[in-house]
Amino acid sequence: MTTIQMVKMSEHVGTEMLGLDLNNLSDGDVAAIKAELAARGLVVFRDQQIDERAHISFAKNIGPIVVNNYFPENGEFPEIAEVRKAETQMVNIGGGWHTDHSYDQIPAMGSILVARELPPVGGDTLFSSMAAAYESLSDGLKATLETLRAVHTADHIYGPQGFLSNSDQGADLKGRELKTRAVHPLVIRHPVTGQKLLYVNSAFTTHIEGWTRDESLALLNYLYSVGSQSAFQCRLIWQPGTVAMWDNRSTWHYALNDYHGHRRLMHRITIDGVPIH
Ligand SMILES: O=C(O)CCC(=O)C(=O)O
Ligand SMILES: [Fe+2]
């Protein structure tokens with residue numbers, strides 16, 4: 001097994017795992033990567049020379065691949081979705097705090113993102129720990145949250161009236177006709193670590209089951225303000241050769257949109273999840 005140097009990216013989330021070659025992993029390396037991902041929510045690899053085929057085979061080592069219904073596909077490799085912003089576009093994908101696929105009955109475990117084209121500066125991605133956010137709450141609020149479930153959908157984003165489909169990203173997106181709806185507990189347990197996690201997000205959670213939208217927003221906006229505190233975050237500064245993998249159950253992420261006039265292209269493979277509760 002390779003000697004891996006582990007560098008924490010912040011107190012609560014993210015580890016850079018240095019010394020690995022993703023083209024050449026032992027079973028022990030794969031086990032170490034999975035364990036660190038479960039523990040820290042985000043693992044980052046630097047200086048990788050990973051082509052599309054290697055990206056796909058690394059992903060298959062982690063779990064079954066699931067193709068995002070909305071993002072444009074890479075022409076040659078349908079397993080790979082493209083997260084892209086052209087010099088001429090103003091809106092980016094993922095430009096607000098969210099977790100991917102919470103609108104699915106069984107949300108994706110996570111994604112593996114490979115930096116293909118980066119702006120000269122900017123385009124960082126922020127991550128936030130939903131374990132730390134949950135832990136910071138009072139026992140009283142924790143107990144209340146445990147009794148609640150929330151409704152998640154992507155229709156207001158990708159549907160015909162949706163924010164992204166009507167933005168300058170719209171022409172690239174697919175899946176406009178799809179309908180999504182899932183109900184998940186506000187607090188879930190991580191399927192591997194058993195840790196309790198806050199599971200709502202400002203992109204896809206519409207309301208708390210049985211509550212009006214206004215009532216829901218009073219509580220949800222408070223939870224979003226907690227989840228987006230800088231104390232629970234880390235910041236990923238991408239470089240050529242950077243690969244990142246995150247866990248959608250235990251983290252939120254936010255792709256910063258501060259590089260207008262420059263291209264950014266990421267290749268994304270999403271890994272299937274397991275039922276959450
Ligand atoms: O471009 C990024 O850094 C992340 C975009 C995003 O939200 C995603 O791929 O799920
Ligand atoms: Fe995302």
# chains A, B, ... in the order shown; residues from 1 in each chain; ligands from 1
call {"tool": "closest_atom_pairs", "arguments": {"of": "chain A", "to": "ligand 2", "cutoff": "8 Å", "atoms": "only C-alpha atoms and all ligand atoms", "output": "tab-separated table"}}
result
residue	atom	partner	partner_atom_place_in_ligand_line	distance
A:Ile93	CA	ligand 2	1 (Fe)	7.2
A:Gly94	CA	ligand 2	1 (Fe)	4.8
A:His98	CA	ligand 2	1 (Fe)	6.4
A:Thr99	CA	ligand 2	1 (Fe)	5.9
A:Asp100	CA	ligand 2	1 (Fe)	4.9
A:His253	CA	ligand 2	1 (Fe)	6.3
A:Tyr254	CA	ligand 2	1 (Fe)	7.1
A:Ala255	CA	ligand 2	1 (Fe)	7.6
call {"tool": "write_last_selection", "arguments": {"atoms": "C-alpha atoms", "output": "compact mmCIF listing (two decimals), in the first residue's frame"}}
result
# COMPACT_ATOMS: atom_id res chain seq x y z
CA ILE A 93 -23.70 25.30 -12.22
CA GLY A 94 -23.82 24.90 -8.46
CA HIS A 98 -26.51 22.78 -2.08
CA THR A 99 -26.08 19.06 -2.01
CA ASP A 100 -26.55 17.11 -5.22
CA HIS A 253 -20.89 22.61 -1.66
CA TYR A 254 -20.86 25.95 -3.47
CA ALA A 255 -19.11 26.62 -6.79
call {"tool": "residues_around", "arguments": {"residues": "Val66 of chain A", "least_positions_apart": "3", "cutoff": "6 Å", "atoms": "only C-alpha atoms", "output": "list in words"}}
result
Thr270, Ile271 and Asp272 of chain A
call {"tool": "write_last_selection", "arguments": {"atoms": "N, CA and C atoms", "output": "CSV table (one decimal), in the first residue's frame"}}
result
chain,number,residue,atom,x,y,z
A,270,THR,N,-20.8,10.8,-11.2
A,270,THR,CA,-21.6,10.7,-9.9
A,270,THR,C,-21.7,9.2,-9.5
A,271,ILE,N,-21.6,9.0,-8.2
A,271,ILE,CA,-21.6,7.6,-7.7
A,271,ILE,C,-23.0,7.4,-7.0
A,272,ASP,N,-23.6,6.3,-7.3
A,272,ASP,CA,-24.9,5.9,-6.7
A,272,ASP,C,-24.9,5.9,-5.2
call {"tool": "atom_distance", "arguments": {"atom1": "atom CA of Arg40 of chain A", "atom2": "atom CA of Glu146 of chain A"}}
result
23.0 Å
call {"tool": "select_by_dssp", "arguments": {"residues": "segment 23-246 of chain A", "states": "helix (DSSP H, G or I)", "output": "PyMOL selection string"}}
result
chain A and resi 27-40+52-62+130-135+139-145+155-158+170-172+213-227+230-232
call {"tool": "atom_distance", "arguments": {"atom1": "atom CA of Thr212 of chain A", "atom2": "atom CA of Ser167 of chain A"}}
result
27.9 Å
call {"tool": "residues_near_ligand", "arguments": {"ligand": "ligand 1", "cutoff": "10 Å", "atoms": "only C-alpha atoms and all ligand atoms", "output": "MDAnalysis selection string"}}
result
chainID A and resid 68 71 81:85 92:101 110:115 123:127 236:238 244 246 248 252:257 264:270
call {"tool": "atom_distance", "arguments": {"atom1": "atom CA of Glu16 of chain A", "atom2": "atom CA of Val44 of chain A"}}
result
4.6 Å
call {"tool": "closest_residue", "arguments": {"among": "A:Ser228, A:Asn74, A:Asn24, A:Ser202", "to": "Ser216 of chain A", "atoms": "only C-alpha atoms"}}
result
A:Ser202
call {"tool": "closest_residue", "arguments": {"among": "A:Tyr103, A:Trp211, A:Phe232, A:Phe163", "to": "Lys179 of chain A", "atoms": "only C-alpha atoms"}}
result
A:Tyr103
call {"tool": "decode", "arguments": {"residues": "segment 36-76 of chain A", "atoms": "N, CA and C atoms", "output": "compact mmCIF listing (two decimals), in the first residue's frame"}}
result
# COMPACT_ATOMS: atom_id res chain seq x y z
N GLU A 36 -11.56 7.72 4.35
CA GLU A 36 -11.33 9.15 4.56
C GLU A 36 -12.52 9.97 4.04
N LEU A 37 -13.10 9.54 2.93
CA LEU A 37 -14.28 10.23 2.40
C LEU A 37 -15.43 10.18 3.41
N ALA A 38 -15.64 9.00 4.00
CA ALA A 38 -16.73 8.88 4.99
C ALA A 38 -16.44 9.75 6.21
N ALA A 39 -15.17 9.81 6.61
CA ALA A 39 -14.83 10.54 7.83
C ALA A 39 -14.83 12.05 7.62
N ARG A 40 -14.42 12.52 6.43
CA ARG A 40 -14.15 13.95 6.24
C ARG A 40 -15.02 14.61 5.18
N GLY A 41 -15.85 13.83 4.46
CA GLY A 41 -16.81 14.41 3.52
C GLY A 41 -16.25 14.85 2.17
N LEU A 42 -14.95 15.04 2.11
CA LEU A 42 -14.30 15.52 0.87
C LEU A 42 -12.85 15.02 0.88
N VAL A 43 -12.44 14.41 -0.23
CA VAL A 43 -11.02 14.06 -0.39
C VAL A 43 -10.54 14.68 -1.70
N VAL A 44 -9.31 15.18 -1.66
CA VAL A 44 -8.74 15.90 -2.80
C VAL A 44 -7.40 15.28 -3.16
N PHE A 45 -7.18 15.10 -4.45
CA PHE A 45 -5.92 14.55 -4.96
C PHE A 45 -5.31 15.61 -5.87
N ARG A 46 -4.00 15.76 -5.82
CA ARG A 46 -3.33 16.79 -6.62
C ARG A 46 -2.43 16.13 -7.66
N ASP A 47 -2.10 16.91 -8.68
CA ASP A 47 -1.10 16.53 -9.68
C ASP A 47 -1.41 15.20 -10.35
N GLN A 48 -2.66 14.94 -10.62
CA GLN A 48 -3.04 13.68 -11.27
C GLN A 48 -3.03 13.85 -12.79
N GLN A 49 -2.64 12.80 -13.48
CA GLN A 49 -2.74 12.76 -14.95
C GLN A 49 -3.81 11.74 -15.23
N ILE A 50 -5.06 12.17 -15.24
CA ILE A 50 -6.15 11.19 -15.29
C ILE A 50 -6.98 11.49 -16.54
N ASP A 51 -7.00 10.53 -17.48
CA ASP A 51 -7.82 10.75 -18.67
C ASP A 51 -9.24 10.23 -18.39
N GLU A 52 -10.11 10.34 -19.39
CA GLU A 52 -11.52 9.99 -19.16
C GLU A 52 -11.68 8.53 -18.76
N ARG A 53 -10.94 7.66 -19.42
CA ARG A 53 -11.07 6.23 -19.09
C ARG A 53 -10.62 5.95 -17.66
N ALA A 54 -9.54 6.60 -17.25
CA ALA A 54 -9.04 6.41 -15.88
C ALA A 54 -10.03 6.99 -14.86
N HIS A 55 -10.66 8.10 -15.22
CA HIS A 55 -11.68 8.70 -14.36
C HIS A 55 -12.81 7.68 -14.14
N ILE A 56 -13.25 7.06 -15.22
CA ILE A 56 -14.35 6.09 -15.13
C ILE A 56 -13.92 4.87 -14.32
N SER A 57 -12.71 4.39 -14.53
CA SER A 57 -12.34 3.18 -13.77
C SER A 57 -12.10 3.49 -12.30
N PHE A 58 -11.60 4.68 -11.99
CA PHE A 58 -11.49 5.07 -10.58
C PHE A 58 -12.89 5.11 -9.95
N ALA A 59 -13.84 5.73 -10.66
CA ALA A 59 -15.21 5.83 -10.13
C ALA A 59 -15.80 4.44 -9.86
N LYS A 60 -15.58 3.53 -10.78
CA LYS A 60 -16.14 2.18 -10.61
C LYS A 60 -15.53 1.47 -9.41
N ASN A 61 -14.31 1.85 -9.05
CA ASN A 61 -13.69 1.30 -7.83
C ASN A 61 -14.39 1.80 -6.57
N ILE A 62 -15.00 2.98 -6.67
CA ILE A 62 -15.66 3.57 -5.49
C ILE A 62 -17.09 3.05 -5.38
N GLY A 63 -17.79 2.93 -6.52
CA GLY A 63 -19.18 2.46 -6.47
C GLY A 63 -19.80 2.55 -7.85
N PRO A 64 -21.07 2.11 -7.98
CA PRO A 64 -21.73 2.15 -9.28
C PRO A 64 -21.95 3.60 -9.75
N ILE A 65 -21.80 3.81 -11.04
CA ILE A 65 -21.95 5.15 -11.62
C ILE A 65 -23.43 5.44 -11.88
N VAL A 66 -23.86 6.67 -11.59
CA VAL A 66 -25.22 7.10 -11.94
C VAL A 66 -25.08 8.39 -12.75
N VAL A 67 -25.83 8.48 -13.86
CA VAL A 67 -25.67 9.64 -14.74
C VAL A 67 -26.67 10.72 -14.35
N ASN A 68 -26.19 11.93 -14.14
CA ASN A 68 -27.07 13.06 -13.81
C ASN A 68 -28.03 13.32 -14.97
N ASN A 69 -29.30 13.55 -14.64
CA ASN A 69 -30.35 13.68 -15.67
C ASN A 69 -30.33 15.01 -16.40
N TYR A 70 -29.61 15.99 -15.92
CA TYR A 70 -29.73 17.36 -16.43
C TYR A 70 -28.46 17.89 -17.10
N PHE A 71 -27.30 17.52 -16.57
CA PHE A 71 -26.07 18.12 -17.07
C PHE A 71 -25.75 17.60 -18.47
N PRO A 72 -25.10 18.42 -19.29
CA PRO A 72 -24.69 17.94 -20.61
C PRO A 72 -23.69 16.80 -20.49
N GLU A 73 -23.84 15.83 -21.40
CA GLU A 73 -22.93 14.68 -21.38
C GLU A 73 -21.70 14.99 -22.21
N ASN A 74 -20.60 14.42 -21.78
CA ASN A 74 -19.41 14.41 -22.61
C ASN A 74 -19.71 13.52 -23.81
N GLY A 75 -19.48 13.98 -25.03
CA GLY A 75 -19.88 13.25 -26.22
C GLY A 75 -19.37 11.82 -26.27
N GLU A 76 -18.12 11.64 -25.95
CA GLU A 76 -17.51 10.32 -26.11
C GLU A 76 -17.81 9.37 -24.95
